[in-house]
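Structure below is protein29.csv: CSV, C-alpha atoms.
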chain,number,residue,atom,x,y,z
A,1,MET,CA,11.6,-2.4,16.5
A,2,LEU,CA,14.2,-3.1,13.8
A,3,LEU,CA,11.8,-5.7,12.3
A,4,SER,CA,9.0,-3.2,12.0
A,5,ALA,CA,11.3,-0.5,10.5
A,6,PHE,CA,12.5,-3.1,8.0
A,7,PHE,CA,8.9,-3.7,6.8
A,8,ILE,CA,8.1,0.0,6.6
A,9,CYS,CA,11.2,0.7,4.5
A,10,LEU,CA,10.2,-2.1,2.1
A,11,PHE,CA,6.7,-0.6,2.0
A,12,VAL,CA,7.6,2.9,1.1
A,13,SER,CA,10.3,1.9,-1.4
A,14,SER,CA,8.1,-0.5,-3.4
A,15,THR,CA,5.0,1.3,-4.7
A,16,ASP,CA,4.5,-1.2,-7.6
A,17,ALA,CA,4.2,-4.1,-5.3
A,18,LEU,CA,1.8,-2.2,-3.1
A,19,ALA,CA,-0.5,-1.7,-6.1
A,20,HIS,CA,-0.6,-5.5,-6.9
A,21,ALA,CA,1.4,-4.7,-10.0
A,22,VAL,CA,3.0,-7.4,-12.1
A,23,THR,CA,6.3,-6.6,-13.7
A,24,SER,CA,6.3,-5.8,-17.4
A,25,GLY,CA,8.0,-9.1,-18.2
A,26,ASP,CA,5.5,-11.1,-16.3
A,27,LYS,CA,2.6,-9.1,-17.7
A,28,GLY,CA,3.8,-9.9,-21.3
A,29,TYR,CA,4.1,-13.5,-20.4
A,30,ILE,CA,0.6,-13.7,-18.9
A,31,GLN,CA,-0.9,-12.1,-22.0
A,32,GLU,CA,0.9,-14.3,-24.5
A,33,ILE,CA,0.5,-17.8,-23.1
A,34,SER,CA,-2.5,-20.0,-23.4
A,35,GLY,CA,-3.5,-23.5,-22.2
A,36,VAL,CA,-2.6,-25.1,-18.9
A,37,ASN,CA,0.6,-23.7,-17.4
A,38,LEU,CA,0.6,-24.8,-13.8
A,39,LEU,CA,4.2,-24.3,-12.8
A,40,PRO,CA,4.6,-20.8,-14.3
A,41,PHE,CA,1.4,-19.6,-12.7
A,42,MET,CA,2.4,-21.1,-9.4
A,43,TYR,CA,5.7,-19.2,-9.6
A,44,LEU,CA,3.9,-16.0,-10.4
A,45,GLY,CA,1.6,-16.4,-7.5
A,46,ALA,CA,4.4,-17.0,-5.0
A,47,LYS,CA,6.3,-14.1,-6.5
A,48,HIS,CA,3.3,-11.8,-6.0
A,49,MET,CA,2.9,-12.7,-2.4
A,50,MET,CA,6.6,-12.4,-1.5
A,51,THR,CA,6.7,-8.9,-3.0
A,52,GLY,CA,3.2,-7.8,-2.0
A,53,TYR,CA,4.2,-5.7,0.9
A,54,ASP,CA,0.6,-4.7,1.7
A,55,HIS,CA,-0.2,-8.4,2.3
A,56,ILE,CA,2.9,-8.8,4.4
A,57,LEU,CA,2.2,-5.7,6.5
A,58,PHE,CA,-1.3,-7.0,7.2
A,59,LEU,CA,0.0,-10.4,8.2
A,60,PHE,CA,2.6,-8.8,10.4
A,61,GLY,CA,-0.2,-6.9,12.2
A,62,VAL,CA,-2.4,-10.0,12.5
A,63,ILE,CA,0.3,-12.2,14.2
A,64,PHE,CA,1.9,-9.3,16.2
A,65,PHE,CA,0.4,-10.4,19.5
A,66,LEU,CA,-0.3,-14.1,18.6
A,67,TYR,CA,2.0,-16.5,20.4
A,68,ARG,CA,0.5,-19.9,19.9
A,69,LEU,CA,0.9,-21.6,16.5
A,70,GLN,CA,-2.7,-22.8,16.7
A,71,ASN,CA,-4.0,-19.3,16.8
A,72,ILE,CA,-1.6,-18.1,14.1
A,73,ALA,CA,-2.8,-21.0,11.9
A,74,ILE,CA,-6.5,-20.0,12.4
A,75,TYR,CA,-6.0,-16.4,11.5
A,76,VAL,CA,-3.7,-17.0,8.5
A,77,SER,CA,-6.2,-19.6,7.2
A,78,LEU,CA,-9.1,-17.1,7.5
A,79,PHE,CA,-7.1,-14.6,5.5
A,80,ALA,CA,-6.1,-17.2,2.9
A,81,LEU,CA,-9.7,-18.3,2.6
A,82,GLY,CA,-10.9,-14.7,1.9
A,83,HIS,CA,-8.0,-13.9,-0.4
A,84,SER,CA,-8.4,-17.1,-2.4
A,85,THR,CA,-12.2,-16.9,-2.8
A,86,THR,CA,-12.4,-13.4,-4.2
A,87,MET,CA,-9.3,-13.8,-6.4
A,88,ILE,CA,-10.5,-16.9,-8.1
A,89,LEU,CA,-14.2,-16.0,-8.3
A,90,GLY,CA,-13.4,-12.4,-9.3
A,91,VAL,CA,-11.4,-13.5,-12.3
A,92,TYR,CA,-13.6,-16.4,-13.3
A,93,PHE,CA,-16.8,-14.3,-13.2
A,94,ASN,CA,-15.0,-11.2,-14.6
A,95,VAL,CA,-15.9,-9.1,-11.6
A,96,GLY,CA,-13.5,-6.2,-11.4
A,97,PHE,CA,-13.3,-2.9,-9.4
A,98,ASN,CA,-11.3,0.2,-9.6
A,99,SER,CA,-7.8,-0.9,-8.6
A,100,TYR,CA,-7.0,2.4,-6.8
A,101,LEU,CA,-10.1,2.1,-4.6
A,102,ILE,CA,-9.5,-1.5,-3.8
A,103,ASP,CA,-5.9,-0.8,-2.9
A,104,ALA,CA,-7.0,2.1,-0.7
A,105,ILE,CA,-9.2,-0.3,1.2
A,106,ILE,CA,-6.3,-2.7,1.6
A,107,GLY,CA,-4.3,0.2,3.0
A,108,LEU,CA,-7.2,0.7,5.5
A,109,SER,CA,-6.9,-2.9,6.5
A,110,VAL,CA,-3.4,-2.3,7.6
A,111,VAL,CA,-4.6,0.8,9.5
A,112,TYR,CA,-7.5,-1.2,11.1
A,113,LYS,CA,-5.2,-3.9,12.3
A,114,ALA,CA,-2.7,-1.5,13.8
A,115,LEU,CA,-5.4,0.3,15.7
A,116,ASP,CA,-6.7,-3.1,16.8
A,117,ASN,CA,-3.3,-4.0,18.2
A,118,LEU,CA,-3.2,-0.6,20.0
A,119,GLY,CA,-6.5,-1.4,21.7
A,120,ALA,CA,-8.2,1.6,20.1
A,121,TYR,CA,-11.6,0.1,19.5
A,122,GLN,CA,-12.1,-0.9,23.1
A,123,ARG,CA,-11.3,2.6,24.2
A,124,TRP,CA,-13.4,4.3,21.5
A,125,LEU,CA,-16.3,1.9,21.1
A,126,GLY,CA,-16.3,0.2,24.5
A,127,PHE,CA,-16.1,-3.3,22.9
A,128,GLN,CA,-13.7,-5.4,20.8
A,129,PRO,CA,-14.8,-6.1,17.2
A,130,ASN,CA,-14.5,-9.8,16.2
A,131,THR,CA,-10.9,-10.1,15.0
A,132,LYS,CA,-11.5,-13.4,13.1
A,133,VAL,CA,-14.4,-11.9,11.1
A,134,ALA,CA,-12.3,-8.8,10.4
A,135,THR,CA,-9.4,-10.9,9.1
A,136,LEU,CA,-11.7,-12.9,6.8
A,137,VAL,CA,-13.4,-9.7,5.5
A,138,PHE,CA,-10.2,-7.9,4.8
A,139,GLY,CA,-8.9,-11.1,3.1
A,140,LEU,CA,-11.8,-10.8,0.7
A,141,PHE,CA,-10.7,-7.3,-0.2
A,142,HIS,CA,-7.1,-8.4,-0.6
A,143,GLY,CA,-8.2,-11.0,-3.1
A,144,PHE,CA,-10.3,-8.5,-5.1
A,145,GLY,CA,-7.2,-6.3,-5.3
A,146,LEU,CA,-5.4,-9.1,-7.1
A,147,SER,CA,-8.3,-10.3,-9.2
A,148,THR,CA,-8.8,-6.7,-10.5
A,149,LYS,CA,-5.2,-6.5,-11.6
A,150,ILE,CA,-5.3,-9.9,-13.3
A,151,LEU,CA,-8.4,-9.0,-15.2
A,152,GLU,CA,-6.6,-6.0,-16.7
A,153,TYR,CA,-4.1,-8.4,-18.3
A,154,GLU,CA,-6.8,-10.4,-20.2
A,155,ILE,CA,-5.6,-13.9,-19.4
A,156,SER,CA,-6.5,-16.5,-22.1
A,157,PRO,CA,-9.7,-18.4,-21.2
A,158,ASP,CA,-7.9,-21.6,-22.4
A,159,GLY,CA,-6.8,-23.3,-19.2
A,160,LEU,CA,-8.1,-20.4,-17.0
A,161,VAL,CA,-9.4,-22.5,-14.1
A,162,PRO,CA,-6.3,-24.7,-13.6
A,163,ASN,CA,-4.0,-21.7,-14.1
A,164,LEU,CA,-5.9,-19.7,-11.5
A,165,LEU,CA,-5.8,-22.6,-9.0
A,166,ALA,CA,-2.1,-23.0,-9.6
A,167,PHE,CA,-1.6,-19.2,-9.1
A,168,ASN,CA,-3.5,-19.5,-5.9
A,169,VAL,CA,-1.4,-22.4,-4.7
A,170,GLY,CA,1.7,-20.2,-5.4
A,171,VAL,CA,0.2,-17.4,-3.5
A,172,GLU,CA,-0.3,-19.6,-0.5
A,173,ILE,CA,3.2,-21.0,-0.7
A,174,GLY,CA,4.5,-17.4,-0.9
A,175,GLN,CA,2.4,-16.5,2.1
A,176,LEU,CA,3.8,-19.4,4.1
A,177,LEU,CA,7.3,-18.4,3.2
A,178,ALA,CA,6.7,-14.7,4.1
A,179,LEU,CA,5.0,-15.8,7.4
A,180,ALA,CA,8.0,-18.0,8.3
A,181,VAL,CA,10.4,-15.1,7.9
A,182,ILE,CA,8.1,-12.9,10.0
A,183,LEU,CA,7.7,-15.5,12.7
A,184,ILE,CA,11.5,-16.1,12.9
A,185,GLY,CA,12.1,-12.4,13.3
A,186,MET,CA,9.3,-12.0,15.8
A,187,SER,CA,10.5,-14.9,17.9
A,188,TYR,CA,13.9,-13.3,18.4
A,189,TRP,CA,12.4,-9.9,19.0
A,190,ARG,CA,9.9,-11.1,21.6
A,191,ARG,CA,12.7,-12.5,23.7
A,192,THR,CA,14.2,-9.1,24.2
A,193,ALA,CA,13.0,-6.3,26.5
A,194,SER,CA,12.6,-4.0,23.6
A,195,PHE,CA,9.5,-5.9,22.3
A,196,ILE,CA,7.0,-4.6,24.9
A,197,ARG,CA,8.8,-1.2,25.0
A,198,ASN,CA,8.5,-0.7,21.3
A,199,ALA,CA,5.3,-2.6,20.5
A,200,TYR,CA,3.3,0.7,20.5
A,201,THR,CA,5.8,2.4,18.2
A,202,ALA,CA,5.9,-0.5,15.8
A,203,ASN,CA,2.1,-0.5,15.4
A,204,VAL,CA,2.0,3.3,15.0
A,205,ALA,CA,4.6,2.9,12.2
A,206,MET,CA,2.5,0.2,10.6
A,207,MET,CA,-0.6,2.4,10.8
A,208,SER,CA,1.3,5.3,9.2
A,209,ALA,CA,2.4,3.0,6.4
A,210,GLY,CA,-1.3,2.1,5.9
A,211,PHE,CA,-2.3,5.7,5.7
A,212,ILE,CA,0.5,6.4,3.2
A,213,LEU,CA,-0.9,3.6,1.0
A,214,VAL,CA,-4.4,5.0,1.3
A,215,GLY,CA,-3.2,8.5,0.4
A,216,MET,CA,-1.2,7.2,-2.6
A,217,GLN,CA,-4.1,5.2,-4.0
A,218,LEU,CA,-6.7,7.9,-3.5
A,219,THR,CA,-4.4,10.5,-5.1
A,220,GLY,CA,-4.0,8.1,-8.1
A,221,TYR,CA,-7.8,7.6,-8.3
A,222,PHE,CA,-8.5,11.4,-8.4
A,223,VAL,CA,-5.6,12.2,-10.7
A,224,SER,CA,-6.5,9.4,-13.2
In structure tokens, how does this file's structure come out?
Amino acid sequence: MLLSAFFICLFVSSTDALAHAVTSGDKGYIQEISGVNLLPFMYLGAKHMMTGYDHILFLFGVIFFLYRLQNIAIYVSLFALGHSTTMILGVYFNVGFNSYLIDAIIGLSVVYKALDNLGAYQRWLGFQPNTKVATLVFGLFHGFGLSTKILEYEISPDGLVPNLLAFNVGVEIGQLLALAVILIGMSYWRRTASFIRNAYTANVAMMSAGFILVGMQLTGYFVS
């Protein structure tokens, strides 16, 4: 329960990260440099993932009831495949969407996974939607959230492909680091009696965080 509360606190206190924002210093750096800059873009990718609390919340939900490392690897790989594909192709082909709407969908991905963990779809629909397909599809939306923000910064076309690949490598490194922290925390929590007792509450809290994100982004969309 403490682990879930920790993530929710990070979520509600970090609205910039939730909107896939890049700090002003990083933004200026991205706009000014040109040519191949692999290490800087790798660092920026890792930094984005480690501070992207919407991504972390979704991953937290995905692995919540996964105990075997093989299953965790499958789901995380599907999410990474979706995330990487739309991020790279979205920037390369200059395909952008309204950032508020994309981030609202990302918020819904957190809500969806929380409801899935609560067994809501089996009760409401009478069947269980394919969790692997859902993870891949929402990974695609997470990637579009990032590509949309990157396009706003007008990265130099000189060295674009290598820089994007380096950025994506950094994202995956950051994802693995975040996942390691989550798994360590979850491994300790699962050994206690409070895990089963508070699993429902944790997922309700995660669902609430997702709804907060959706509300924030839709408010931003209509106000802007």
Using all atoms listed in the file, find each residue in stretch 79-189 of chain A having at least one atom no more than 6 Å away from stretch 193-212 of chain A; report its shortest atom-to-atom pair and that distance in Å (one decimal), rows by chain then rising number, as a Markdown table.
| residue | atom | partner | partner_atom | distance |
| --- | --- | --- | --- | --- |
| A:Gly107 | CA | A:Gly210 | CA | 4.6 |
| A:Val110 | CA | A:Gly210 | CA | 5.2 |
| A:Val111 | CA | A:Met207 | CA | 4.5 |
| A:Ala114 | CA | A:Asn203 | CA | 5.2 |
| A:Trp189 | CA | A:Phe195 | CA | 5.9 |
Could you write out that same residue set with C-alpha atoms as a PDB file, in the coordinates of the input?
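Saved the output as again18.pdb:
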ATOM      1  CA  GLY A 107      -4.300   0.200   3.000  1.00  0.00           C
ATOM      2  CA  VAL A 110      -3.400  -2.300   7.600  1.00  0.00           C
ATOM      3  CA  VAL A 111      -4.600   0.800   9.500  1.00  0.00           C
ATOM      4  CA  ALA A 114      -2.700  -1.500  13.800  1.00  0.00           C
ATOM      5  CA  TRP A 189      12.400  -9.900  19.000  1.00  0.00           C
TER       6      TRP A 189
END
Have a look at A:Ala134, A:Leu164, A:Val171, A:Ala104 and name the one nearest to A:Gly220; count all atoms listed in the file.
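Among the listed residues, A:Ala104 lies closest to A:Gly220.
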Could you state the separation of atom CA of A:Ile33 and atom CA of A:Met50 in Å, given to one decimal place?
23.1 Å
How many Å lie between atom CA of A:Gly82 and atom CA of A:Gly174, rounded to one decimal?
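Atom-to-atom, atom CA of A:Gly82 to atom CA of A:Gly174, that is 15.9 Å.
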Find the residue from A:Tyr53, A:Phe41, A:Phe60, A:Phe79 that sits nearest to A:Gly159; use only C-alpha atoms when measuring.
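Under the stated criterion, the closest residue is A:Phe41.
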Just want the 8 Å neighbourhood of A:Gln217, counted on all atoms listed in the file, with same-chain residues fewer than 2 positions away dropped. Output as an NGL selection string.
:A and (100-101 or 103-104 or 213-215 or 219-221)
Selection: 10 Å around A:Ile173, only C-alpha atoms, excl. self and same-chain fewer than 2 positions, as a list in words:
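Close residues of A:Ile173: Met42, Tyr43, Gly45, Ala46, Lys47, Met49, Met50, Phe167, Asn168, Val169, Gly170, Val171, Gln175, Leu176, Leu177, Ala178 and Leu179 of chain A.
Proximity of A:Ser156, A:Asn94, A:Asn163, A:Ser84 to A:Phe141, computed with only C-alpha atoms, is greatest for A:Ser84.
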Contact residues around A:Thr131 with only C-alpha atoms at 9 Å, ignoring same-chain residues under 6 positions, as a list of chain:residue names:
A:Val62, A:Tyr75, A:Lys113, A:Asp116
Between atom CA of A:Ser187 and atom CA of A:Leu140 lies a distance of 28.5 Å
Please provide as a list of chain:residue names all residues within 12 Å of A:Asp26, with the sequence filter that same-chain residues fewer than 2 positions apart are discarded (counting all atoms listed in the file).
A:Ala21, A:Val22, A:Thr23, A:Ser24, A:Gly28, A:Tyr29, A:Ile30, A:Gln31, A:Glu32, A:Ile33, A:Pro40, A:Phe41, A:Tyr43, A:Leu44, A:Gly45, A:Lys47, A:His48, A:Ile150, A:Tyr153, A:Ile155
Compare A:Met87, A:Lys132, A:Ser224, A:Glu154 by their minimum atom-to-atom distance to A:Ile63, counting all atoms listed in the file, and give me the closest one.
A:Lys132
Looking at A:Leu66, A:Ile102, A:Leu218, A:Ile184, which one is nearest to A:Gly139, with distances taken over only C-alpha atoms?
A:Ile102
Ranking A:Val36, A:Met186, A:Val91, A:Leu59 by minimum distance to A:Thr135 and counting only C-alpha atoms, which one comes first?
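Nearest to A:Thr135: A:Leu59.
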Reconstruct all heavy atoms of stretch 61-72 of chain A from the incomplete input and present them as a PDB file, keeping the file's coordinate frame.
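Result saved to out.pdb:
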ATOM      1  N   GLY A  61       0.707  -7.450  11.169  1.00  0.00           N
ATOM      2  CA  GLY A  61      -0.200  -6.900  12.200  1.00  0.00           C
ATOM      3  C   GLY A  61      -1.061  -8.034  12.797  1.00  0.00           C
ATOM      4  O   GLY A  61      -1.308  -8.037  14.009  1.00  0.00           O
ATOM      5  N   VAL A  62      -1.512  -8.968  11.965  1.00  0.00           N
ATOM      6  CA  VAL A  62      -2.400 -10.000  12.500  1.00  0.00           C
ATOM      7  C   VAL A  62      -1.685 -10.900  13.499  1.00  0.00           C
ATOM      8  O   VAL A  62      -2.277 -11.270  14.524  1.00  0.00           O
ATOM      9  CB  VAL A  62      -2.882 -10.914  11.274  1.00  0.00           C
ATOM     10  CG1 VAL A  62      -3.506 -12.211  11.768  1.00  0.00           C
ATOM     11  CG2 VAL A  62      -3.896 -10.140  10.434  1.00  0.00           C
ATOM     12  N   ILE A  63      -0.430 -11.231  13.270  1.00  0.00           N
ATOM     13  CA  ILE A  63       0.300 -12.200  14.200  1.00  0.00           C
ATOM     14  C   ILE A  63       1.051 -11.419  15.258  1.00  0.00           C
ATOM     15  O   ILE A  63       1.707 -12.070  16.082  1.00  0.00           O
ATOM     16  CB  ILE A  63       1.207 -13.091  13.406  1.00  0.00           C
ATOM     17  CG1 ILE A  63       2.425 -12.311  12.882  1.00  0.00           C
ATOM     18  CG2 ILE A  63       0.479 -13.805  12.290  1.00  0.00           C
ATOM     19  CD1 ILE A  63       3.555 -13.200  12.453  1.00  0.00           C
ATOM     20  N   PHE A  64       0.985 -10.105  15.284  1.00  0.00           N
ATOM     21  CA  PHE A  64       1.900  -9.300  16.200  1.00  0.00           C
ATOM     22  C   PHE A  64       1.757  -9.792  17.619  1.00  0.00           C
ATOM     23  O   PHE A  64       2.774  -9.954  18.303  1.00  0.00           O
ATOM     24  CB  PHE A  64       1.514  -7.841  16.070  1.00  0.00           C
ATOM     25  CG  PHE A  64       2.565  -6.952  16.660  1.00  0.00           C
ATOM     26  CD1 PHE A  64       3.622  -6.504  15.884  1.00  0.00           C
ATOM     27  CD2 PHE A  64       2.509  -6.555  17.986  1.00  0.00           C
ATOM     28  CE1 PHE A  64       4.614  -5.685  16.419  1.00  0.00           C
ATOM     29  CE2 PHE A  64       3.489  -5.740  18.537  1.00  0.00           C
ATOM     30  CZ  PHE A  64       4.543  -5.311  17.757  1.00  0.00           C
ATOM     31  N   PHE A  65       0.542 -10.005  18.101  1.00  0.00           N
ATOM     32  CA  PHE A  65       0.400 -10.400  19.500  1.00  0.00           C
ATOM     33  C   PHE A  65      -0.134 -11.865  19.606  1.00  0.00           C
ATOM     34  O   PHE A  65      -0.692 -12.257  20.636  1.00  0.00           O
ATOM     35  CB  PHE A  65      -0.618  -9.480  20.198  1.00  0.00           C
ATOM     36  CG  PHE A  65      -0.042  -8.135  20.527  1.00  0.00           C
ATOM     37  CD1 PHE A  65      -0.610  -6.984  20.020  1.00  0.00           C
ATOM     38  CD2 PHE A  65       1.078  -8.027  21.340  1.00  0.00           C
ATOM     39  CE1 PHE A  65      -0.076  -5.734  20.323  1.00  0.00           C
ATOM     40  CE2 PHE A  65       1.624  -6.793  21.644  1.00  0.00           C
ATOM     41  CZ  PHE A  65       1.043  -5.640  21.142  1.00  0.00           C
ATOM     42  N   LEU A  66       0.047 -12.652  18.545  1.00  0.00           N
ATOM     43  CA  LEU A  66      -0.300 -14.100  18.600  1.00  0.00           C
ATOM     44  C   LEU A  66       0.940 -14.885  18.901  1.00  0.00           C
ATOM     45  O   LEU A  66       1.928 -14.801  18.174  1.00  0.00           O
ATOM     46  CB  LEU A  66      -0.918 -14.522  17.264  1.00  0.00           C
ATOM     47  CG  LEU A  66      -2.251 -13.883  16.857  1.00  0.00           C
ATOM     48  CD1 LEU A  66      -2.701 -14.418  15.505  1.00  0.00           C
ATOM     49  CD2 LEU A  66      -3.328 -14.131  17.909  1.00  0.00           C
ATOM     50  N   TYR A  67       0.881 -15.693  19.944  1.00  0.00           N
ATOM     51  CA  TYR A  67       2.000 -16.500  20.400  1.00  0.00           C
ATOM     52  C   TYR A  67       1.907 -17.951  20.069  1.00  0.00           C
ATOM     53  O   TYR A  67       2.901 -18.635  19.834  1.00  0.00           O
ATOM     54  CB  TYR A  67       2.286 -16.259  21.867  1.00  0.00           C
ATOM     55  CG  TYR A  67       2.738 -14.859  22.219  1.00  0.00           C
ATOM     56  CD1 TYR A  67       1.804 -13.848  22.433  1.00  0.00           C
ATOM     57  CD2 TYR A  67       4.080 -14.554  22.335  1.00  0.00           C
ATOM     58  CE1 TYR A  67       2.208 -12.562  22.760  1.00  0.00           C
ATOM     59  CE2 TYR A  67       4.504 -13.269  22.659  1.00  0.00           C
ATOM     60  CZ  TYR A  67       3.556 -12.280  22.881  1.00  0.00           C
ATOM     61  OH  TYR A  67       3.953 -11.005  23.187  1.00  0.00           O
ATOM     62  N   ARG A  68       0.685 -18.457  20.098  1.00  0.00           N
ATOM     63  CA  ARG A  68       0.500 -19.900  19.900  1.00  0.00           C
ATOM     64  C   ARG A  68       0.299 -20.177  18.395  1.00  0.00           C
ATOM     65  O   ARG A  68      -0.442 -19.484  17.681  1.00  0.00           O
ATOM     66  CB  ARG A  68      -0.770 -20.353  20.638  1.00  0.00           C
ATOM     67  CG  ARG A  68      -0.663 -20.197  22.164  1.00  0.00           C
ATOM     68  CD  ARG A  68      -1.929 -20.656  22.849  1.00  0.00           C
ATOM     69  NE  ARG A  68      -2.222 -22.055  22.558  1.00  0.00           N
ATOM     70  CZ  ARG A  68      -3.323 -22.680  22.963  1.00  0.00           C
ATOM     71  NH1 ARG A  68      -4.260 -22.010  23.648  1.00  0.00           N
ATOM     72  NH2 ARG A  68      -3.515 -23.948  22.670  1.00  0.00           N
ATOM     73  N   LEU A  69       0.978 -21.226  17.926  1.00  0.00           N
ATOM     74  CA  LEU A  69       0.900 -21.600  16.500  1.00  0.00           C
ATOM     75  C   LEU A  69      -0.505 -21.930  16.088  1.00  0.00           C
ATOM     76  O   LEU A  69      -0.892 -21.685  14.942  1.00  0.00           O
ATOM     77  CB  LEU A  69       1.854 -22.766  16.235  1.00  0.00           C
ATOM     78  CG  LEU A  69       3.354 -22.459  16.260  1.00  0.00           C
ATOM     79  CD1 LEU A  69       4.156 -23.734  16.010  1.00  0.00           C
ATOM     80  CD2 LEU A  69       3.703 -21.403  15.213  1.00  0.00           C
ATOM     81  N   GLN A  70      -1.285 -22.493  16.998  1.00  0.00           N
ATOM     82  CA  GLN A  70      -2.700 -22.800  16.700  1.00  0.00           C
ATOM     83  C   GLN A  70      -3.467 -21.571  16.316  1.00  0.00           C
ATOM     84  O   GLN A  70      -4.227 -21.557  15.341  1.00  0.00           O
ATOM     85  CB  GLN A  70      -3.325 -23.544  17.847  1.00  0.00           C
ATOM     86  CG  GLN A  70      -4.785 -23.927  17.597  1.00  0.00           C
ATOM     87  CD  GLN A  70      -5.407 -24.618  18.804  1.00  0.00           C
ATOM     88  OE1 GLN A  70      -4.771 -24.797  19.835  1.00  0.00           O
ATOM     89  NE2 GLN A  70      -6.673 -24.998  18.671  1.00  0.00           N
ATOM     90  N   ASN A  71      -3.296 -20.515  17.093  1.00  0.00           N
ATOM     91  CA  ASN A  71      -4.000 -19.300  16.800  1.00  0.00           C
ATOM     92  C   ASN A  71      -3.506 -18.623  15.533  1.00  0.00           C
ATOM     93  O   ASN A  71      -4.299 -18.082  14.746  1.00  0.00           O
ATOM     94  CB  ASN A  71      -3.830 -18.305  17.992  1.00  0.00           C
ATOM     95  CG  ASN A  71      -4.550 -18.771  19.235  1.00  0.00           C
ATOM     96  OD1 ASN A  71      -5.552 -19.474  19.168  1.00  0.00           O
ATOM     97  ND2 ASN A  71      -4.028 -18.401  20.402  1.00  0.00           N
ATOM     98  N   ILE A  72      -2.210 -18.682  15.321  1.00  0.00           N
ATOM     99  CA  ILE A  72      -1.600 -18.100  14.100  1.00  0.00           C
ATOM    100  C   ILE A  72      -2.220 -18.862  12.876  1.00  0.00           C
ATOM    101  O   ILE A  72      -2.611 -18.238  11.876  1.00  0.00           O
ATOM    102  CB  ILE A  72      -0.108 -18.241  14.105  1.00  0.00           C
ATOM    103  CG1 ILE A  72       0.475 -17.316  15.173  1.00  0.00           C
ATOM    104  CG2 ILE A  72       0.477 -17.904  12.731  1.00  0.00           C
ATOM    105  CD1 ILE A  72       1.965 -17.486  15.388  1.00  0.00           C
TER     106      ILE A  72
END
